[in-house]
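So the structure is just underneath, and the comments pick up after that.
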Protein chains: 4
Amino acid sequence: MERKKLRGIVPPMVTPLKDGDTLDGDGLEKLLERMIAGGVHGMFLLGSTGEAPSLSYRLRREVIETSCRIIRGRLPVLVGISDTAFDESLALAQVAADAGADAVVVAPPFYFPIQGQELIRYYRKLAKALPLPMILYHMPDLTKVKFDLDVVRFAVDMPEILALKDSSGDLDFFWRACHITQPREDFSVLVGPEHLLAPAMRLGGDGGVNGGANLFPELFVQMYHAVLAGDISRIDILQTKIDQLGEIYHVARGGMGVCRGIKYALQCLGICREMPAEPFGVLDEEERREIERIITHIKNNE
Amino acid sequence: MERKKLRGIVPPMVTPLKDGDTLDGDGLEKLLERMIAGGVHGMFLLGSTGEAPSLSYRLRREVIETSCRIIRGRLPVLVGISDTAFDESLALAQVAADAGADAVVVAPPFYFPIQGQELIRYYRKLAKALPLPMILYHMPDLTKVKFDLDVVRFAVDMPEILALKDSSGDLDFFWRACHITQPREDFSVLVGPEHLLAPAMRLGGDGGVNGGANLFPELFVQMYHAVLAGDISRIDILQTKIDQLGEIYHVARGGMGVCRGIKYALQCLGICREMPAEPFGVLDEEERREIERIITHIKNNE
Amino acid sequence: MERKKLRGIVPPMVTPLKDGDTLDGDGLEKLLERMIAGGVHGMFLLGSTGEAPSLSYRLRREVIETSCRIIRGRLPVLVGISDTAFDESLALAQVAADAGADAVVVAPPFYFPIQGQELIRYYRKLAKALPLPMILYHMPDLTKVKFDLDVVRFAVDMPEILALKDSSGDLDFFWRACHITQPREDFSVLVGPEHLLAPAMRLGGDGGVNGGANLFPELFVQMYHAVLAGDISRIDILQTKIDQLGEIYHVARGGMGVCRGIKYALQCLGICREMPAEPFGVLDEEERREIERIITHIKNNE
Amino acid sequence: MERKKLRGIVPPMVTPLKDGDTLDGDGLEKLLERMIAGGVHGMFLLGSTGEAPSLSYRLRREVIETSCRIIRGRLPVLVGISDTAFDESLALAQVAADAGADAVVVAPPFYFPIQGQELIRYYRKLAKALPLPMILYHMPDLTKVKFDLDVVRFAVDMPEILALKDSSGDLDFFWRACHITQPREDFSVLVGPEHLLAPAMRLGGDGGVNGGANLFPELFVQMYHAVLAGDISRIDILQTKIDQLGEIYHVARGGMGVCRGIKYALQCLGICREMPAEPFGVLDEEERREIERIITHIKNNE
């Protein structure tokens, strides 16, 4: 990435699979081309929505290489390398650098909770060792690690760190982070939960890393521009659509509703297969019908 | 393991390191011999106390192979293969089987929380695919997955599953689990938190997987026999010692206090190095002095 | 109470109402006589199950006076005086003393959470000011205050405090509390959640304050004696019945399921009216049918 | 209140006390006059900051009557009547109406958590029975009741309800509530936590009910106007001051730090006594010095 500030909609790409350990290459290409055509501003591979921790390392490497080949530099590519083992994160980062990615995204190691100065020590050591710029990923629900503002202050002082992706859903934290990072002109603060895209931007955010953009990229790109333009009535209409879309995330029983919901909806739209990675299985008939209902409802309202 | 019921004290071995990715082989040997001499009833490699998720896969394989070579079948060996990726768990299980281990221990995948029938589906699929018998590992603080009793009922029906290690600290759950598994004579229920060894056994438990047994294996073996004998006054004395030992787990700031506390105490005792795996660093001077104080206090009281 | 140690089953009496502010005196008498005939060892008025905080002060005074008149000293009577306002607690305690009650039961003030030495200061000041002995009531789910063991140590040193009622459901705490209070021969530790009566007694408890004893007092008295006798197979049978009864506590939607479940079941049994105090309303038809089903099932199994 | 929309800064008044059950009338008058002179837009008696649940009913009545007499209609007066007992809330509301107050403020009953339709049923019944308009008070930390958006939708349909005071600290909820209530021109949404006054107003809020306005009313009135004017650099300066002030809330050990911090700071400023109501005691020497330090620092920066 030539260090221009990252702005806009950067979808966390789902990982299309044929089975638990086989990439659905055709699906991947269709998915990427559709999002690029939809006007998104970057692409984030191997995040939570991409089920990265559930994929074997071999498969993660394949996702990075294949996606970068398809994207061909048309967009900045961010690659998730979060891992419980330091050396495995480093190895993935090297794969990303070799494939031509622009930055890596790192949540704290997610088995043992880490806090305070230990977390900062870890991030500093990793940032110094990485072959690419780093983006902090705040995801307390899955990592059990809630950032305090000292982490944000640390990031501002590290030129190796160029953005914060905040998936905490805590707008108080988000607003503080925007305030603290304001002096660094090249630093971005992006919001994860898509229903918060509009209020997060009103509080100073630069865009969103929103899973729903796998399905309806234009919807999020339009919201991004509506907030920039301060078009209140358009924001209202788009917010209602985003909220409707959000219903599909609560359909799957048993866990990982966001990813399983999006994947089945993508299959309904003819883009890629629904197959999730272990430990999760495909949706049952009732869950599928409910997602079909929601998708039909959204499409009829377009 | 010839399917005799697992009983007694099965220490979750810490992993002695020279640096983040290098095994301290001499320390490992001293540590294992000391625990075996202390009368423990089995050995658990690559659990949470063993920092398994923080180790590279290469290093995890080395730990399994080296430890099994040192142990030479003198004790049942259990190997942790918990992982967020199904195929990586399978690969580790094969290493364990090839090295002569007796069983594998599996916590739920720990990034995306998994619940209900999805969790049971995962455990069933894994148990069927494994080359060794399986032990369930209940560790909600670190995996975010709290077992319900249906998981225990499922385990009773699976001959491939031979034990439950419960580190939840929830004695209500523990007692229910003992009750549900009672009909399976070869099934064990072992308690994780060492300060609960005595009450858990009074409620029907078969023993403990207690980190402190890395340091003072006799203490836990003595408690095991004291509870079997119903020797109340001896239980009291031992409980006080176990509680004193537990103080070292709260010294380290920043996370993973149990493992970092034990490792530094082991270094004080001349057994192995204190080096933790990333993302954690060594203790600071103040933390070290506090652990030295506790260890000296315990040794003076012996 | 002549300070003999409190032991056995002490039901937390529900408060039979005609409407939100009118006592159902006939129901109250039937209920009390049935529990006394069932062999319970004491009576606890105006606890959580008695909806005390939802009743006007006038009504609380009426409950104390009427119940003491009906009981006529046949059993020790404990009266809940927990309140957010110190002076209102004192005033209720005086009513209890004047009516001939034996002790008062006090949870921490439940609006502002209070901790550490402030909690102990409060309990000490109250104990010194009360006209009756005091029982500590540990109910973190409703008061947001989790006792630490220092509260138990403090209680042991106060002759004004004669028991701990632990409704935390945390058997680790319960077992520690039994251990700490053991030197005080006249001090009791009683367990709240009825499904834990058996394991809590195995860990050293003296009995239970169990809501289900409003409905089936003999069941809990039998369990108390079965645990004392160490009759494992009988404990098993009784535990199954207690667990079935516990299903009625999860039927009511909207809150306070324990009390609303018991009250409707008492109406089914012809003992008193179901009317709860505000802020809760009567059960809906579906909820009622479900409770009828459970009660019928339990009675058929007797 | 002539139903004009409530806007601006409405301080939740602390209750100056001579001892646990005696009002500090002189302190009360000084406090009220100082806030009125500071330009606040309304006054809220007997909220959490006012320690209402800790005061005897006699004292609560005295607070209402004395304060209304001092205020003499110069500002809208809101009176907290939250209580666990329905009839006690009604009785307090009548006192407020008789004293000339404008509205009452009601958090859910705070002992038994209440949810969903039961909560709405309660609020509807109370609103219909009250002699004054009602304001909903969302305070999940203390009541254990988190509003869902259906509560807000219900409020919009009830002309008896004229505002929501949201002390949840959840800006996502706040923003949604602003959106839902927008069609009701006379409906206000006010934010509790004072460090969120600026972002909450940017998301559509009408003002704040901020405890710090007891101490420095102008600071909050200035922030209110700065946000209305969109004066970013002034917002920045004021936010820093509000954050410094917020430090005094974390000084008191043992609980209720906000109120105890403000009260001691008010004593430092010569306005009223520090005495808190039971169950809390006065600050210790170390806590006092820390609060003095913070107050001096703020005053020096003015």
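Here's how to read the names in the structure tokens: chain A, B, ... by the order shown, residue numbers from 1 in each chain, ligand numbers from 1 in the order shown.
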If you run DSSP on the backbone here, which positions in range 66-166 of chain D get strand (DSSP E)? Please write them as a CSV table (one decimal) with N, CA, C and O atoms, in the first residue's frame.
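As a result, selection39.csv now contains:
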chain,number,residue,atom,x,y,z
D,77,VAL,N,-38.7,20.5,37.5
D,77,VAL,CA,-38.2,19.6,38.5
D,77,VAL,C,-38.7,18.2,38.2
D,77,VAL,O,-39.9,18.0,38.1
D,78,LEU,N,-37.8,17.3,38.1
D,78,LEU,CA,-38.0,15.9,37.9
D,78,LEU,C,-37.7,15.2,39.2
D,78,LEU,O,-36.7,15.5,39.9
D,79,VAL,N,-38.6,14.2,39.6
D,79,VAL,CA,-38.4,13.5,40.8
D,79,VAL,C,-38.3,12.0,40.6
D,79,VAL,O,-39.2,11.4,40.0
D,80,GLY,N,-37.3,11.4,41.1
D,80,GLY,CA,-37.1,10.0,41.0
D,80,GLY,C,-38.0,9.2,42.0
D,80,GLY,O,-38.0,9.6,43.2
D,103,ALA,N,-42.5,16.3,36.7
D,103,ALA,CA,-42.5,14.9,36.1
D,103,ALA,C,-41.8,14.0,37.1
D,103,ALA,O,-41.1,14.4,38.0
D,104,VAL,N,-42.0,12.7,36.9
D,104,VAL,CA,-41.3,11.7,37.7
D,104,VAL,C,-40.5,10.8,36.8
D,104,VAL,O,-40.7,10.7,35.6
D,105,VAL,N,-39.4,10.3,37.4
D,105,VAL,CA,-38.4,9.5,36.7
D,105,VAL,C,-38.5,8.1,37.3
D,105,VAL,O,-38.4,8.0,38.5
D,106,VAL,N,-38.5,7.1,36.4
D,106,VAL,CA,-38.8,5.7,36.9
D,106,VAL,C,-37.8,4.7,36.2
D,106,VAL,O,-38.0,4.4,35.0
D,134,MET,N,-44.3,10.9,33.0
D,134,MET,CA,-43.2,10.0,33.4
D,134,MET,C,-42.0,10.1,32.4
D,134,MET,O,-42.2,10.3,31.2
D,135,ILE,N,-40.8,9.9,33.0
D,135,ILE,CA,-39.6,9.8,32.2
D,135,ILE,C,-39.0,8.4,32.5
D,135,ILE,O,-38.9,8.0,33.7
D,136,LEU,N,-38.7,7.7,31.5
D,136,LEU,CA,-38.0,6.3,31.6
D,136,LEU,C,-36.6,6.5,32.0
D,136,LEU,O,-35.9,7.3,31.4
D,137,TYR,N,-36.1,5.7,32.9
D,137,TYR,CA,-34.7,5.7,33.4
D,137,TYR,C,-34.1,4.4,33.1
D,137,TYR,O,-34.4,3.4,33.7
D,138,HIS,N,-33.1,4.4,32.2
D,138,HIS,CA,-32.4,3.2,31.8
D,138,HIS,C,-31.1,3.1,32.5
D,138,HIS,O,-30.2,3.9,32.2
D,161,ILE,N,-45.5,9.5,28.6
D,161,ILE,CA,-44.1,9.4,28.8
D,161,ILE,C,-43.4,10.5,27.9
D,161,ILE,O,-43.7,10.6,26.7
D,162,LEU,N,-42.5,11.3,28.5
D,162,LEU,CA,-42.0,12.4,27.7
D,162,LEU,C,-40.5,12.4,27.5
D,162,LEU,O,-40.0,13.3,26.9
D,163,ALA,N,-39.8,11.4,28.1
D,163,ALA,CA,-38.4,11.4,27.9
D,163,ALA,C,-37.8,10.1,28.3
D,163,ALA,O,-38.5,9.3,28.9
D,164,LEU,N,-36.6,9.8,27.8
D,164,LEU,CA,-35.8,8.7,28.2
D,164,LEU,C,-34.5,9.2,28.7
D,164,LEU,O,-33.8,10.0,28.0
D,165,LYS,N,-34.1,8.8,29.9
D,165,LYS,CA,-32.8,9.1,30.4
D,165,LYS,C,-32.0,7.8,30.3
D,165,LYS,O,-32.4,6.8,30.9
D,166,ASP,N,-31.0,7.9,29.5
D,166,ASP,CA,-30.2,6.6,29.2
D,166,ASP,C,-28.9,6.7,29.9
D,166,ASP,O,-28.0,7.4,29.4
Practice prompt. Pick out the residues sitting within 8 Å of range 19-27 of chain D, and hand them over as a PyMOL selection string; count only C-alpha atoms, and ignore anything fewer than 2 positions along from it in its own chain.
Written response: (chain C and resi 87) or (chain D and resi 15-17+29-31+55-56+59+62-63+66+271-273+275-278)
Discussion item. So that I can check the surroundings of Ala200 in chain D, please list as number ranges by chain every protein, DNA and RNA residue that reaches within 10 Å of it, counting only C-alpha atoms and ignoring chain neighbours fewer than 4 positions away.
Written reply: A: 171-172, 203; D: 169-172, 174-175, 178, 189-196, 204-208, 227
Include N, CA, C and O atoms and write out the residues we just selected as a short mmCIF file (atom, residue, chain, number, x, y, z; two decimals), in the first residue's frame.
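Final file, again_9.cif:
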data_model
loop_
_atom_site.label_atom_id
_atom_site.label_comp_id
_atom_site.auth_asym_id
_atom_site.auth_seq_id
_atom_site.Cartn_x
_atom_site.Cartn_y
_atom_site.Cartn_z
N LEU A 171 -19.18 2.10 20.88
CA LEU A 171 -18.98 3.39 20.21
C LEU A 171 -18.25 4.39 21.08
O LEU A 171 -17.64 5.33 20.56
N ASP A 172 -18.31 4.20 22.38
CA ASP A 172 -17.54 5.07 23.28
C ASP A 172 -16.04 4.87 22.99
O ASP A 172 -15.30 5.84 22.76
N LEU A 203 -19.09 9.73 14.28
CA LEU A 203 -18.19 9.99 15.42
C LEU A 203 -16.74 10.09 14.99
O LEU A 203 -15.85 10.17 15.84
N GLY D 169 -24.69 3.89 28.95
CA GLY D 169 -23.36 4.05 28.38
C GLY D 169 -23.21 3.38 27.02
O GLY D 169 -22.13 3.38 26.44
N ASP D 170 -24.31 2.84 26.52
CA ASP D 170 -24.29 2.11 25.24
C ASP D 170 -24.76 3.06 24.15
O ASP D 170 -25.96 3.27 23.96
N LEU D 171 -23.81 3.61 23.39
CA LEU D 171 -24.17 4.61 22.39
C LEU D 171 -24.94 4.01 21.22
O LEU D 171 -25.67 4.71 20.52
N ASP D 172 -24.78 2.72 21.00
CA ASP D 172 -25.56 2.05 19.96
C ASP D 172 -27.05 2.14 20.33
O ASP D 172 -27.89 2.58 19.53
N PHE D 174 -28.37 4.23 22.45
CA PHE D 174 -28.75 5.64 22.50
C PHE D 174 -29.13 6.16 21.12
O PHE D 174 -30.15 6.82 20.93
N TRP D 175 -28.29 5.82 20.17
CA TRP D 175 -28.51 6.29 18.80
C TRP D 175 -29.81 5.71 18.22
O TRP D 175 -30.60 6.40 17.58
N CYS D 178 -32.74 7.53 19.80
CA CYS D 178 -32.97 8.85 19.17
C CYS D 178 -33.74 8.69 17.86
O CYS D 178 -34.66 9.45 17.56
N VAL D 189 -34.39 12.62 24.54
CA VAL D 189 -33.48 11.56 24.93
C VAL D 189 -32.25 12.23 25.55
O VAL D 189 -31.57 13.02 24.90
N LEU D 190 -32.03 11.90 26.83
CA LEU D 190 -30.94 12.52 27.59
C LEU D 190 -29.95 11.45 27.98
O LEU D 190 -30.32 10.31 28.27
N VAL D 191 -28.67 11.82 28.00
CA VAL D 191 -27.64 10.84 28.30
C VAL D 191 -27.16 11.01 29.74
O VAL D 191 -27.03 12.13 30.23
N GLY D 192 -26.91 9.86 30.39
CA GLY D 192 -26.43 9.90 31.77
C GLY D 192 -24.92 10.13 31.89
O GLY D 192 -24.50 11.19 32.37
N PRO D 193 -24.10 9.19 31.45
CA PRO D 193 -22.65 9.32 31.72
C PRO D 193 -22.09 10.58 31.08
O PRO D 193 -22.19 10.78 29.87
N GLU D 194 -21.49 11.41 31.89
CA GLU D 194 -21.15 12.75 31.42
C GLU D 194 -20.04 12.77 30.40
O GLU D 194 -19.98 13.67 29.56
N HIS D 195 -19.17 11.76 30.42
CA HIS D 195 -18.10 11.76 29.42
C HIS D 195 -18.67 11.48 28.03
O HIS D 195 -17.97 11.63 27.04
N LEU D 196 -19.93 11.06 27.96
CA LEU D 196 -20.56 10.79 26.67
C LEU D 196 -21.48 11.92 26.21
O LEU D 196 -22.18 11.76 25.19
N GLY D 204 -27.72 12.56 18.17
CA GLY D 204 -29.13 12.92 18.18
C GLY D 204 -29.72 13.23 19.54
O GLY D 204 -30.92 13.53 19.64
N GLY D 205 -28.91 13.18 20.60
CA GLY D 205 -29.44 13.41 21.94
C GLY D 205 -29.79 14.86 22.21
O GLY D 205 -29.31 15.77 21.52
N ASP D 206 -30.61 15.07 23.24
CA ASP D 206 -31.12 16.40 23.56
C ASP D 206 -30.43 17.05 24.75
O ASP D 206 -30.76 18.18 25.10
N GLY D 207 -29.53 16.32 25.39
CA GLY D 207 -28.86 16.90 26.55
C GLY D 207 -28.40 15.82 27.50
O GLY D 207 -28.34 14.64 27.12
N GLY D 208 -28.06 16.23 28.72
CA GLY D 208 -27.49 15.28 29.65
C GLY D 208 -27.99 15.44 31.07
O GLY D 208 -28.35 16.53 31.50
N VAL D 227 -21.58 21.82 21.58
CA VAL D 227 -22.00 20.77 20.64
C VAL D 227 -23.10 21.31 19.72
O VAL D 227 -23.07 21.07 18.51
#
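Taking CA of Ala101 in chain A as the reference point, CA of Phe86 in chain B is found at 26.7 Å.
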Within 10 Å of Ser48 in chain A, counting only C-alpha atoms, which residues show up once you throw out same-chain ones fewer than 4 positions away? Write them as a short mmCIF file (atom, residue, chain, number, x, y, z; two decimals) with N, CA and C atoms, in the first residue's frame, please.
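Dumped to selection29.cif:
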data_model
loop_
_atom_site.label_atom_id
_atom_site.label_comp_id
_atom_site.auth_asym_id
_atom_site.auth_seq_id
_atom_site.Cartn_x
_atom_site.Cartn_y
_atom_site.Cartn_z
N PRO A 12 -14.70 -7.97 4.74
CA PRO A 12 -13.98 -9.13 5.24
C PRO A 12 -14.51 -10.34 4.45
N MET A 13 -13.72 -10.78 3.50
CA MET A 13 -14.20 -11.79 2.55
C MET A 13 -14.47 -13.15 3.22
N VAL A 14 -15.62 -13.76 2.94
CA VAL A 14 -15.82 -15.15 3.35
C VAL A 14 -14.90 -16.01 2.49
N ALA A 52 -10.78 -17.73 9.22
CA ALA A 52 -9.35 -18.05 9.17
C ALA A 52 -8.90 -19.06 10.22
N PRO A 53 -9.29 -18.87 11.50
CA PRO A 53 -8.73 -19.81 12.49
C PRO A 53 -9.18 -21.25 12.26
N SER A 54 -10.25 -21.45 11.50
CA SER A 54 -10.75 -22.80 11.27
C SER A 54 -10.09 -23.48 10.07
N GLY A 80 -5.42 -11.26 7.21
CA GLY A 80 -5.45 -11.59 8.63
C GLY A 80 -4.40 -12.65 8.96
N SER A 82 -3.78 -13.27 12.46
CA SER A 82 -3.98 -13.52 13.89
C SER A 82 -3.78 -14.99 14.18
N ALA A 107 -5.34 -9.52 15.35
CA ALA A 107 -6.00 -9.52 16.66
C ALA A 107 -5.05 -10.11 17.68
N MET A 139 -11.31 -7.18 18.73
CA MET A 139 -12.43 -8.13 18.58
C MET A 139 -12.64 -8.85 19.91
N LEU A 142 -14.39 -12.41 20.58
CA LEU A 142 -13.75 -13.66 20.16
C LEU A 142 -12.36 -13.84 20.78
N GLY A 211 -19.17 -7.42 7.05
CA GLY A 211 -19.40 -8.72 6.43
C GLY A 211 -20.48 -8.72 5.36
N MET A 256 -21.39 -19.07 15.09
CA MET A 256 -20.85 -18.46 13.89
C MET A 256 -21.94 -18.08 12.89
N VAL A 258 -22.94 -15.26 11.70
CA VAL A 258 -22.66 -14.26 10.66
C VAL A 258 -22.14 -14.96 9.41
N CYS A 259 -21.10 -15.75 9.59
CA CYS A 259 -20.47 -16.37 8.43
C CYS A 259 -21.38 -17.41 7.78
N TYR B 111 -11.89 -20.22 18.92
CA TYR B 111 -12.07 -18.87 18.39
C TYR B 111 -13.56 -18.56 18.27
N PHE B 112 -14.26 -19.32 17.46
CA PHE B 112 -15.71 -19.14 17.34
C PHE B 112 -16.41 -19.99 18.39
#
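For the atom pair formed by CA of Ala93 in chain C and CA of Arg60 in chain C, the distance is 11.0 Å, given to one decimal.
Among the candidates C:Ala127, C:Ala229, C:Ala198, C:Leu119, the residue lying nearest to chain B is C:Ala198 (atoms considered: only C-alpha atoms).
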Worksheet item: Quick one: residues within 10 Å of Pro217 in chain D, only C-alpha atoms counted, chain neighbours fewer than 5 positions away excluded, as a PyMOL selection string?
Response: chain D and resi 9-11+34-40+210-212+222
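Around Ser67 in chain B, within 8 Å and counting only C-alpha atoms, the residues found are Leu28, Glu29, Leu32, Val63, Ile64, Ile70 and Ile71 of chain B, once anything fewer than 3 positions away on its own chain is removed.
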Using only N, CA, C and O atoms, please write the residues we just selected to a file, as a PDB file, in the first residue's frame.
ATOM      1  N   LEU B  28      13.141 -30.395  30.468  1.00  0.00           N
ATOM      2  CA  LEU B  28      12.011 -31.302  30.275  1.00  0.00           C
ATOM      3  C   LEU B  28      12.262 -32.637  30.974  1.00  0.00           C
ATOM      4  O   LEU B  28      11.390 -33.164  31.673  1.00  0.00           O
ATOM      5  N   GLU B  29      13.461 -33.148  30.801  1.00  0.00           N
ATOM      6  CA  GLU B  29      13.767 -34.449  31.413  1.00  0.00           C
ATOM      7  C   GLU B  29      13.728 -34.365  32.945  1.00  0.00           C
ATOM      8  O   GLU B  29      13.128 -35.203  33.608  1.00  0.00           O
ATOM      9  N   LEU B  32      10.082 -34.096  34.113  1.00  0.00           N
ATOM     10  CA  LEU B  32       9.323 -35.344  34.021  1.00  0.00           C
ATOM     11  C   LEU B  32       9.778 -36.338  35.090  1.00  0.00           C
ATOM     12  O   LEU B  32       8.950 -36.963  35.766  1.00  0.00           O
ATOM     13  N   VAL B  63       7.722 -31.653  21.344  1.00  0.00           N
ATOM     14  CA  VAL B  63       7.339 -31.895  22.748  1.00  0.00           C
ATOM     15  C   VAL B  63       6.762 -33.298  22.901  1.00  0.00           C
ATOM     16  O   VAL B  63       7.101 -34.035  23.834  1.00  0.00           O
ATOM     17  N   ILE B  64       5.890 -33.675  22.000  1.00  0.00           N
ATOM     18  CA  ILE B  64       5.250 -35.005  22.079  1.00  0.00           C
ATOM     19  C   ILE B  64       6.311 -36.100  21.970  1.00  0.00           C
ATOM     20  O   ILE B  64       6.378 -37.011  22.810  1.00  0.00           O
ATOM     21  N   ILE B  70      11.138 -39.951  26.839  1.00  0.00           N
ATOM     22  CA  ILE B  70      11.612 -39.899  28.227  1.00  0.00           C
ATOM     23  C   ILE B  70      10.733 -40.759  29.130  1.00  0.00           C
ATOM     24  O   ILE B  70      11.216 -41.477  30.005  1.00  0.00           O
ATOM     25  N   ILE B  71       9.431 -40.706  28.905  1.00  0.00           N
ATOM     26  CA  ILE B  71       8.495 -41.405  29.806  1.00  0.00           C
ATOM     27  C   ILE B  71       8.555 -42.922  29.619  1.00  0.00           C
ATOM     28  O   ILE B  71       8.407 -43.687  30.577  1.00  0.00           O
TER      29      ILE B  71
END
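One distance worth recording is that between CA of Ile232 in chain D and CA of Ser188 in chain A, which is 19.4 Å.
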Item to complete: Pick out the residues sitting within 12 Å of Glu118 in chain D, and hand them over as a VMD selection string; count only C-alpha atoms, and ignore anything fewer than 6 positions along from it in its own chain.
Response: (chain C and resid 252 to 257 278 to 284) or (chain D and resid 108 to 109 112 124 to 125 145 147 150 to 151)
Worksheet entry | DSSP helix (DSSP H, G or I) residues within range 30-277 of chain B, as number ranges by chain | B: 30-37, 52-54, 57-71, 86-99, 116-129, 140-143, 149-156, 171-181, 194-202, 211-214, 217-229, 232-250, 257-268
